[in-house]
Each structure stands twice: as structure tokens, then as C-alpha cells.
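Student: Have a look at this one before I ask anything.
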Amino acid sequence: MTRQSRTLPAGSERSLHQAYDTALLDLDGVVYAGGEAIAHAVDSLAAARADGMHLAYVTNNALRTPDAVAEHLSELGIPTEAGEVITSAQAVARLIAEQVEPGSKVLVIGGEGLRVALRERGLVPVDSAEEEGLAAVVQGYGGPDLPWGRFAEASYAINRGVPWYASNTDLTIPGVRGIAPGNGAAVEVVRIATGAEPQVAGKPLPPMHRETVLRTGAKRPLVVGDRLDTDIEGAFNGDVDSLLVLTGVTDGAQLLRAEPKYRPTYVDRDLRGLLTGQPEVAPADGGGFRCGEWTAVALDGVLELRGEDGASGAMDGLRALCAAAWTQAGDGSCGLDAGKALARLGL
């Protein structure tokens with residue numbers, strides 16, 4: 001499927017873990033939240049791997065090193081090697097290394113993941129804007145305890161003309177207690193103080209996709225994520241297929257309003273969707289779109305869902321609603337009221 005034809009959610013007769021050679025999995029909101037495994041993630045990934053699918057973990061969170069991420073996943077029951085983890089820290093380090101001299105000093109506003117990635121590229125991480133010969137400033141998620149003074153340090157250097165890079169610009173990050181500010185919120189602080197714009201490496205931008213392909217060698221990848229504006233848009237930009245799972249920040253209403261670049265190829269409740277096919281969404285007799293036992297139509301400014309109360313397959317109903325909403329919206333965002341339809345599905 002090409003990115004120009006994503007008007008309807010796609011169907012797949014084969015299970016997704018057999019139709020694609022590599023799953024490029026986001027972590028926060030897909031595999032775990034707040035450090036704890038999301039329901040069904042461990043068993044689903046184990047089954048996919050056992051049946052031959054290669055798993056790679058692609059995260060915009062630049063805080064931890066690949067070794068630390070792999071250790072954490074293994075502790076959760078998902079055996080993982082560091083080489084199976086690709087981070088935005090690695091992507092931004094490569095981007096910087098391509099633009100500065102080898103051995104250059106880089107001011108780090110973030111955590112250990114950034115430092116390790118910079119050293120891997122032959123760069124020298126430093127902590128002060130006063131370092132002589134400073135070549136770049138790089139900003140990545142530093143966790144909830146990152147001192148406010150680090151933003152000031154970045155601002156001092158950037159205001160003197162030092163090039164600024166950001167691992168990613170996710171405004172939020174999911175956790176056990178809810179949604180918290182992400183690196184994008186911290187980037188906004190520095191942007192306000194400097195008026196500058198960083199070069200950004202992470203999803204959904206090309207440097208992250210390039211880093212992922214270089215490190216995994218995937219031939220037919222499937223991007224699996226919970227965010228429309230990073231995971232799904234990143235797949236769109238890379239012209240590869242995607243699976244949205246509803247275990248993170250995106251809900252049904254946001255999905256229905258998605259513009260073309262945010263529309264996933266497939267949608268499912270959680271990672272069990274890797275192990276199944278995807279039902280066909282097709283035009284229904286009398287108008288609208290049918291999936292399973294549900295039919296969705298757009299009438300008088302409302303998305304209406306037709307089917308018996310208690311009908312099986314809430315995800316089928318959501319897929320039908322997506323088809324009706326996206327077709328009505330065309331290249332824009334659907335403005336139809338879908339509240340009652342989503343409530344019928346428990347979404």
C-alpha cells in the first residue's frame with residue numbers, strides 16, 4: 001500500500017507478523033508504560049518472534065542507552081539485544097557527526113543515552129556552554145528531574161550562534177500516572193528563550209527512519225506505534241505500512257480526525273493485532289462502509305454506526321468509522337460528530 005492510497009484502513013488475509021519481516025516497535029505506549037509492560041505485549045511479541053518476525057524497538061526517548069533499554073525489556077520478559085534498540089539519540093548523533101568535525105565538543109542537555117550515542121560517533125559530550133570550541137548543542141529527554149539550569153545553559157550557547165539539535169519534539173510522554181511533558185515541551189522552553197529552531201532527528205523525520213533502516217536491514221517493515229504525529233507520520237514519510245495500537249496517547253476520536261499523513265494502514269486495540277489478519281473494509285450496500293458486523297455512514301454532520309448493540313468486534317466498528325470519516329474528509333480532517341458512535345463501541 002502506498003501512502004497516497006490510505007483512504008481506508010487496509011485488510012490483510014495473512015497475519016501481520018507473517019506479512020512483514022520486521023516490526024519497528026515504538027516503546028512508550030506500545031510495549032510498556034511507565035516502565036511496566038502493557039497488557040498482552042510480552043506474549044504477543046514472543047509469539048511473533050517465535051514465528052520468524054524480527055523485532056526492533058524504535059524510540060524517540062533519548063534518555064536511556066540501548067543497553068539499558070534492552071536490559072529493561074529482557075526483565076519484562078522480552079529477550080532483547082542492544083542492537084535491536086534504535087533511539088533518537090543515535091539518529092541525532094549521526095546527524096551532528098555529518099555536519100561537524102570529528103572529535104568536536106557537543107553541549108548535552110539530556111541524559112546518558114545522548115552521551116553514549118555521541119561517543120559512538122566520535123564526538124565529545126560536554127556540560128558547559130563556556131567550553132572552548134563548542135560545535136553544537138543537542139537536546140533530548142532528560143527525565144523528570146532534569147535541572148532547569150540546563151535549559152539556560154543551552155540558551156547561552158545557542159544565542160551565541162552555536163548550532164542546535166534536538167533528538168525529537170514529542171510534546172508528551174505516557175507514564176503509569178498519565179501523560180507527562182516530553183522533550184518537545186523542553187525544546188519549546190529553549191525556543192522561547194532563543195528564537196532559534198533546532199534540527200530534529202527523531203520520528204517522524206527522515207533521519208530517524210534512515211537510522212532504523214541502516215541498523216535493522218528491514219526489507220518489508222511494519223511500523224507499530226501509538227502516536228499519530230510521530231509513529232504513523234514517520235511511516236507515512238518513509239512510505240512504509242503502519243499499525244496503530246490504542247494502548248498509548250491516541251484515542252478513537254483523534255484517529256477519526258486524522259489527516260492523510262496521520263492515517264495508519266491498520267488499527268488494533270493492542271499488540272495482539274500483530275498475530276492476526278486485518279478484516280476488509282468495503283463500501284456497504286446503501287452507502288457507507290462495512291467491516292465485520294458494523295456499517296458506518298456520514299449523515300447530516302454525524303458519523304452513524306449501524307449494527308446490533310452488543311455486536312462483536314469493536315475494532316471492526318472503529319475501522320468502518322475510519323473509512324467513513326477519512327473518505328468524507330478527503331485530504332483534510334473530518335469534522336463530523338462521532339461521539340455516540342464511539343460510545344457504542346466503548347471507545
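In the C-alpha cells, chains take letters A, B, ... by order of appearance, with residues numbered from 1 within each chain and ligands from 1 in the order shown.
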Sorted by chain and rising residue number, list the residues of region 153-262 of chain A at most 8 Å from region 90-113 of chain A (counting only C-alpha atoms), each with its closest atom pair and distance in Å to one decimal, as a Markdown table.
Tutor:
| residue | atom | partner | partner_atom | distance |
| --- | --- | --- | --- | --- |
| A:Ala154 | CA | A:Ile109 | CA | 7.0 |
| A:Tyr165 | CA | A:Val92 | CA | 7.2 |
| A:Ala166 | CA | A:Val92 | CA | 7.0 |
| A:Ser167 | CA | A:Val92 | CA | 5.4 |
| A:Val200 | CA | A:Val92 | CA | 7.2 |
| A:Ala201 | CA | A:Val92 | CA | 5.0 |
| A:Gly202 | CA | A:Ala91 | CA | 6.7 |
| A:Pro207 | CA | A:Ala91 | CA | 5.9 |
| A:Met208 | CA | A:Ala91 | CA | 5.3 |
| A:Glu211 | CA | A:Ala91 | CA | 5.6 |
Student: Residues at most 6 Å from region 49-63 of chain A, counting only C-alpha atoms, excluding those fewer than 4 positions away in the same chain, as a ChimeraX atom specification?
Tutor: /A:17,21-27,84-89,111,113,140-142,202
Student: Could the residues in this selection be written to a file with C-alpha atoms, as a compact mmCIF listing (two decimals), in the first residue's frame?
Tutor:
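The resulting part-v5.txt:
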# COMPACT_ATOMS: atom_id res chain seq x y z
CA HIS A 17 3.64 -10.95 11.69
CA ASP A 21 9.60 -9.30 8.00
CA THR A 22 10.31 -6.73 10.73
CA ALA A 23 8.21 -4.93 13.31
CA LEU A 24 9.59 -1.48 14.09
CA LEU A 25 8.04 -1.06 17.51
CA ASP A 26 7.71 2.12 19.49
CA LEU A 27 8.21 1.55 23.21
CA GLU A 84 17.72 -4.39 18.42
CA VAL A 85 17.13 -0.97 20.00
CA ILE A 86 17.26 2.21 17.89
CA THR A 87 16.93 5.55 19.65
CA SER A 88 16.53 9.15 18.57
CA ALA A 89 19.82 9.79 20.40
CA GLY A 111 20.62 12.03 29.70
CA GLY A 113 21.60 7.97 26.10
CA GLY A 140 16.97 15.17 24.38
CA TYR A 141 14.59 13.92 27.03
CA GLY A 142 16.37 14.07 30.37
CA GLY A 202 13.56 11.75 15.66
Student: Restricting the calculation to only C-alpha atoms: of A:Ala296, A:Ala341, A:Ile38, A:Ala82, which residue gets closest to Arg215 (chain A)?
Tutor: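 Once distances to Arg215 (chain A) are computed over only C-alpha atoms, the minimum belongs to A:Ala82.
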Student: Could you check which of A:Asn183, A:Ser15, A:Ser242, A:Ser155 is closest to Ala47 (chain A), using only C-alpha atoms?
Tutor: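 Nearest candidate to Ala47 (chain A) out of A:Asn183, A:Ser15, A:Ser242, A:Ser155: A:Ser15.
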Student: Got a sec to tell me which of region 9-201 of chain A DSSP assigns to alpha helix (DSSP H), as a PyMOL selection string?
Tutor: chain A and resi 16-19+41-50+66-75+88-97+112-120+149-159+183-194
Student: Extract, using only C-alpha atoms, all DNA, RNA and protein residues at most 6 Å from Ala136 (chain A), discarding same-chain residues fewer than 6 positions from it, and format them as a PyMOL selection string.
Tutor: chain A and resi 106+162-164
Student: CA of Gly217 (chain A) to CA of Arg115 (chain A): how many Å, to one decimal?
Tutor: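 One can read the CA of Gly217 (chain A) to CA of Arg115 (chain A) distance as 24.9 Å.
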Student: Suppose you want the space between CA of Val176 (chain A) and CA of Gly34 (chain A); what is it in Å?
Tutor: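 Spanning CA of Val176 (chain A) to CA of Gly34 (chain A) is a straight-line distance of 4.5 Å.
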Student: Just to confirm, what's the straight-line distance from CA of Ala10 (chain A) to CA of Glu308 (chain A) in Å (one decimal)?
Tutor: 23.9 Å
